[in-house]
>>> print(open('upload_20.pdb').read())   # PDB, C-alpha atoms
ATOM      1  CA  MET E1346      39.500 -12.470   4.220  1.00  0.00           C
ATOM      2  CA  GLU E1347      41.900 -10.992   6.749  1.00  0.00           C
ATOM      3  CA  ASN E1348      39.170  -8.680   8.068  1.00  0.00           C
ATOM      4  CA  GLU E1349      36.860 -11.644   8.642  1.00  0.00           C
ATOM      5  CA  LYS E1350      39.538 -13.216  10.843  1.00  0.00           C
ATOM      6  CA  ILE E1351      39.904  -9.997  12.852  1.00  0.00           C
ATOM      7  CA  VAL E1352      36.122  -9.829  13.383  1.00  0.00           C
ATOM      8  CA  LYS E1353      36.083 -13.492  14.536  1.00  0.00           C
ATOM      9  CA  ASN E1354      38.912 -12.827  17.010  1.00  0.00           C
ATOM     10  CA  LEU E1355      37.209  -9.685  18.336  1.00  0.00           C
ATOM     11  CA  VAL E1356      34.075 -11.653  19.153  1.00  0.00           C
ATOM     12  CA  LYS E1357      36.034 -14.565  20.618  1.00  0.00           C
ATOM     13  CA  LYS E1358      38.666 -12.680  22.667  1.00  0.00           C
ATOM     14  CA  GLY E1359      37.157  -9.261  23.220  1.00  0.00           C
ATOM     15  CA  LYS E1360      33.961  -7.954  24.731  1.00  0.00           C
ATOM     16  CA  VAL E1361      31.228  -6.981  22.295  1.00  0.00           C
ATOM     17  CA  VAL E1362      27.532  -6.139  22.381  1.00  0.00           C
ATOM     18  CA  PHE E1363      25.289  -7.177  19.513  1.00  0.00           C
ATOM     19  CA  GLY E1364      22.334  -5.357  18.016  1.00  0.00           C
ATOM     20  CA  THR E1365      21.502  -1.866  16.890  1.00  0.00           C
ATOM     21  CA  ARG E1366      20.022  -0.635  20.188  1.00  0.00           C
ATOM     22  CA  GLN E1367      22.884  -1.998  22.282  1.00  0.00           C
ATOM     23  CA  THR E1368      25.427  -0.581  19.823  1.00  0.00           C
ATOM     24  CA  ILE E1369      23.903   2.905  19.943  1.00  0.00           C
ATOM     25  CA  LYS E1370      23.662   2.716  23.739  1.00  0.00           C
ATOM     26  CA  SER E1371      27.336   1.761  24.107  1.00  0.00           C
ATOM     27  CA  ILE E1372      28.400   4.620  21.779  1.00  0.00           C
ATOM     28  CA  ASN E1373      26.352   7.149  23.739  1.00  0.00           C
ATOM     29  CA  GLU E1374      27.773   5.869  27.038  1.00  0.00           C
ATOM     30  CA  GLY E1375      31.309   6.284  25.719  1.00  0.00           C
ATOM     31  CA  LYS E1376      32.087   2.573  26.064  1.00  0.00           C
ATOM     32  CA  SER E1377      32.532   1.747  22.395  1.00  0.00           C
ATOM     33  CA  LYS E1378      36.024   1.461  20.888  1.00  0.00           C
ATOM     34  CA  LEU E1379      34.824   0.386  17.451  1.00  0.00           C
ATOM     35  CA  VAL E1380      31.525  -0.216  15.714  1.00  0.00           C
ATOM     36  CA  VAL E1381      31.023  -2.879  13.048  1.00  0.00           C
ATOM     37  CA  VAL E1382      27.999  -2.642  10.758  1.00  0.00           C
ATOM     38  CA  ALA E1383      26.825  -5.014   8.039  1.00  0.00           C
ATOM     39  CA  ILE E1384      26.340  -3.687   4.530  1.00  0.00           C
ATOM     40  CA  ASN E1385      22.551  -4.115   4.814  1.00  0.00           C
ATOM     41  CA  CYS E1386      22.123  -2.709   8.338  1.00  0.00           C
ATOM     42  CA  PRO E1387      18.837  -0.753   8.285  1.00  0.00           C
ATOM     43  CA  ASP E1388      20.133   1.781  10.850  1.00  0.00           C
ATOM     44  CA  LYS E1389      23.619   2.113   9.343  1.00  0.00           C
ATOM     45  CA  GLU E1390      23.432   5.861   8.648  1.00  0.00           C
ATOM     46  CA  GLU E1391      22.070   6.641  12.125  1.00  0.00           C
ATOM     47  CA  ILE E1392      24.774   4.542  13.793  1.00  0.00           C
ATOM     48  CA  LYS E1393      27.515   6.126  11.672  1.00  0.00           C
ATOM     49  CA  LYS E1394      26.256   9.630  12.530  1.00  0.00           C
ATOM     50  CA  ILE E1395      26.168   8.953  16.286  1.00  0.00           C
ATOM     51  CA  ALA E1396      29.583   7.255  16.162  1.00  0.00           C
ATOM     52  CA  GLU E1397      31.070  10.190  14.252  1.00  0.00           C
ATOM     53  CA  GLU E1398      29.727  12.648  16.854  1.00  0.00           C
ATOM     54  CA  LYS E1399      31.357  10.603  19.625  1.00  0.00           C
ATOM     55  CA  GLN E1400      34.536  10.041  17.544  1.00  0.00           C
ATOM     56  CA  VAL E1401      34.117   6.261  17.474  1.00  0.00           C
ATOM     57  CA  PRO E1402      35.516   4.546  14.363  1.00  0.00           C
ATOM     58  CA  VAL E1403      33.066   2.551  12.228  1.00  0.00           C
ATOM     59  CA  TYR E1404      34.013  -0.481  10.179  1.00  0.00           C
ATOM     60  CA  GLU E1405      31.511  -1.146   7.438  1.00  0.00           C
ATOM     61  CA  ASP E1406      31.701  -4.871   6.785  1.00  0.00           C
ATOM     62  CA  ARG E1407      31.105  -5.891   3.172  1.00  0.00           C
ATOM     63  CA  SER E1408      28.973  -8.856   4.172  1.00  0.00           C
ATOM     64  CA  THR E1409      25.257  -9.030   4.906  1.00  0.00           C
ATOM     65  CA  SER E1410      23.881  -9.308   8.438  1.00  0.00           C
ATOM     66  CA  ILE E1411      23.368 -13.058   7.975  1.00  0.00           C
ATOM     67  CA  LYS E1412      27.001 -13.551   6.916  1.00  0.00           C
ATOM     68  CA  LEU E1413      28.227 -11.260   9.719  1.00  0.00           C
ATOM     69  CA  GLY E1414      26.261 -13.336  12.236  1.00  0.00           C
ATOM     70  CA  TYR E1415      27.885 -16.482  10.840  1.00  0.00           C
ATOM     71  CA  THR E1416      31.342 -14.856  11.024  1.00  0.00           C
ATOM     72  CA  CYS E1417      30.660 -13.991  14.671  1.00  0.00           C
ATOM     73  CA  GLY E1418      29.746 -17.627  15.341  1.00  0.00           C
ATOM     74  CA  LYS E1419      26.075 -16.889  15.946  1.00  0.00           C
ATOM     75  CA  GLN E1420      22.995 -18.654  14.594  1.00  0.00           C
ATOM     76  CA  PHE E1421      21.249 -15.372  13.854  1.00  0.00           C
ATOM     77  CA  ALA E1422      21.753 -12.263  11.737  1.00  0.00           C
ATOM     78  CA  ILE E1423      23.828  -9.431  13.194  1.00  0.00           C
ATOM     79  CA  SER E1424      23.456  -6.057  11.539  1.00  0.00           C
ATOM     80  CA  ALA E1425      25.672  -4.175  13.998  1.00  0.00           C
ATOM     81  CA  PHE E1426      27.875  -4.702  17.008  1.00  0.00           C
ATOM     82  CA  SER E1427      30.006  -2.572  19.252  1.00  0.00           C
ATOM     83  CA  VAL E1428      33.454  -3.488  20.562  1.00  0.00           C
ATOM     84  CA  LEU E1429      33.808  -2.583  24.241  1.00  0.00           C
ATOM     85  CA  ASP E1430      37.148  -4.320  24.739  1.00  0.00           C
ATOM     86  CA  ASP E1431      39.319  -5.520  21.872  1.00  0.00           C
ATOM     87  CA  GLY E1432      40.819  -8.363  23.922  1.00  0.00           C
ATOM     88  CA  GLY E1433      44.284  -7.643  22.513  1.00  0.00           C
ATOM     89  CA  VAL E1434      43.108  -7.931  18.895  1.00  0.00           C
ATOM     90  CA  ASN E1435      44.605  -5.298  16.601  1.00  0.00           C
ATOM     91  CA  ILE E1436      41.531  -3.355  15.497  1.00  0.00           C
ATOM     92  CA  THR E1437      43.533  -0.649  13.724  1.00  0.00           C
ATOM     93  CA  GLN E1438      43.727  -2.891  10.639  1.00  0.00           C
ATOM     94  CA  LEU E1439      39.929  -2.785  10.345  1.00  0.00           C
ATOM     95  CA  ILE E1440      39.799   0.974  10.857  1.00  0.00           C
ATOM     96  CA  GLU E1441      42.553   1.737   8.348  1.00  0.00           C
ATOM     97  CA  GLY E1442      41.615  -0.968   5.850  1.00  0.00           C
TER      98      GLY E1442
END
>>> encode(input="upload_20.pdb", output="structure tokens")
Amino acid sequence: MENEKIVKNLVKKGKVVFGTRQTIKSINEGKSKLVVVAINCPDKEEIKKIAEEKQVPVYEDRSTSIKLGYTCGKQFAISAFSVLDDGGVNITQLIEG
């Protein structure tokens, strides 16, 4: 449950972009500090590969895209998002956990 709280705070306090295309774009532009993907993200392997090449950590959330969207406070499913600015939230717990 602690990770869910971190994800909520990232969305609330930090700067994130939602969606697979935006996530991949932010990784390629070198803007991404962390990538969060839902367990059922259809492009998960592609995102993880690109992130690994650019040395961007990936947090694979255990929830589905619908649950991740709910956690982020959105009324729609979110299969992936990229953190551009952590807003002072300690993201190392997600990366290490």
>>> closest_residue(input="upload_20.pdb", among="E:Phe1421, E:Ile1372, E:Tyr1415, E:Ala1383", to="Lys1399 of chain E", atoms="only C-alpha atoms")
E:Ile1372
>>> resolve_selection(input="upload_20.pdb", expression="the PyMOL selection byres ((chain E and resi 1395) around 12)", output="ChimeraX atom specification")
/E:1365,1368-1375,1377,1380,1388-1394,1396-1403
>>> closest_residue(input="upload_20.pdb", among="E:Asp1430, E:Gln1438, E:Cys1386, E:Glu1405", to="Gly1364 of chain E", atoms="all atoms listed in the file")
E:Cys1386
>>> residues_around(input="upload_20.pdb", residues="Val1352 of chain E", least_positions_apart="5", cutoff="9 Å", atoms="all atoms listed in the file", output="ChimeraX atom specification")
/E:1347,1357,1381,1413,1416-1417,1436,1439
>>> residues_around(input="upload_20.pdb", residues="Lys1360 of chain E", least_positions_apart="6", cutoff="7 Å", atoms="only C-alpha atoms", output="short mmCIF file (atom, residue, chain, number, x, y, z; two decimals) with C-alpha atoms, keeping the file's coordinate frame")
data_model
loop_
_atom_site.label_atom_id
_atom_site.label_comp_id
_atom_site.auth_asym_id
_atom_site.auth_seq_id
_atom_site.Cartn_x
_atom_site.Cartn_y
_atom_site.Cartn_z
CA VAL E 1428 33.45 -3.49 20.56
CA LEU E 1429 33.81 -2.58 24.24
CA ASP E 1430 37.15 -4.32 24.74
CA ASP E 1431 39.32 -5.52 21.87
CA GLY E 1432 40.82 -8.36 23.92
#
>>> residues_around(input="upload_20.pdb", residues="Thr1409 of chain E", least_positions_apart="6", cutoff="9 Å", atoms="all atoms listed in the file", output="PyMOL selection string")
chain E and resi 1383-1386+1422-1424
>>> closest_residue(input="upload_20.pdb", among="E:Val1434, E:Ile1440, E:Gly1414, E:Val1382", to="Lys1358 of chain E", atoms="only C-alpha atoms")
E:Val1434
>>> atom_distance(input="upload_20.pdb", atom1="atom CA of Pro1387 of chain E", atom2="atom CA of Asn1435 of chain E")
27.5 Å
>>> closest_residue(input="upload_20.pdb", among="E:Ser1427, E:Phe1363, E:Ile1411, E:Gly1433", to="Lys1376 of chain E", atoms="only C-alpha atoms")
E:Ser1427
>>> atom_distance(input="upload_20.pdb", atom1="atom CA of Val1361 of chain E", atom2="atom CA of Phe1426 of chain E")
6.7 Å
>>> axis_aligned_box(input="upload_20.pdb", around="segment 1363-1368 of chain E", padding_each_side="8 Å", output="AutoDock Vina command-line options")
--center_x 22.7 --center_y -3.9 --center_z 19.6 --size_x 21.4 --size_y 22.6 --size_z 21.4
>>> atom_distance(input="upload_20.pdb", atom1="atom CA of Leu1355 of chain E", atom2="atom CA of Leu1379 of chain E")
10.4 Å
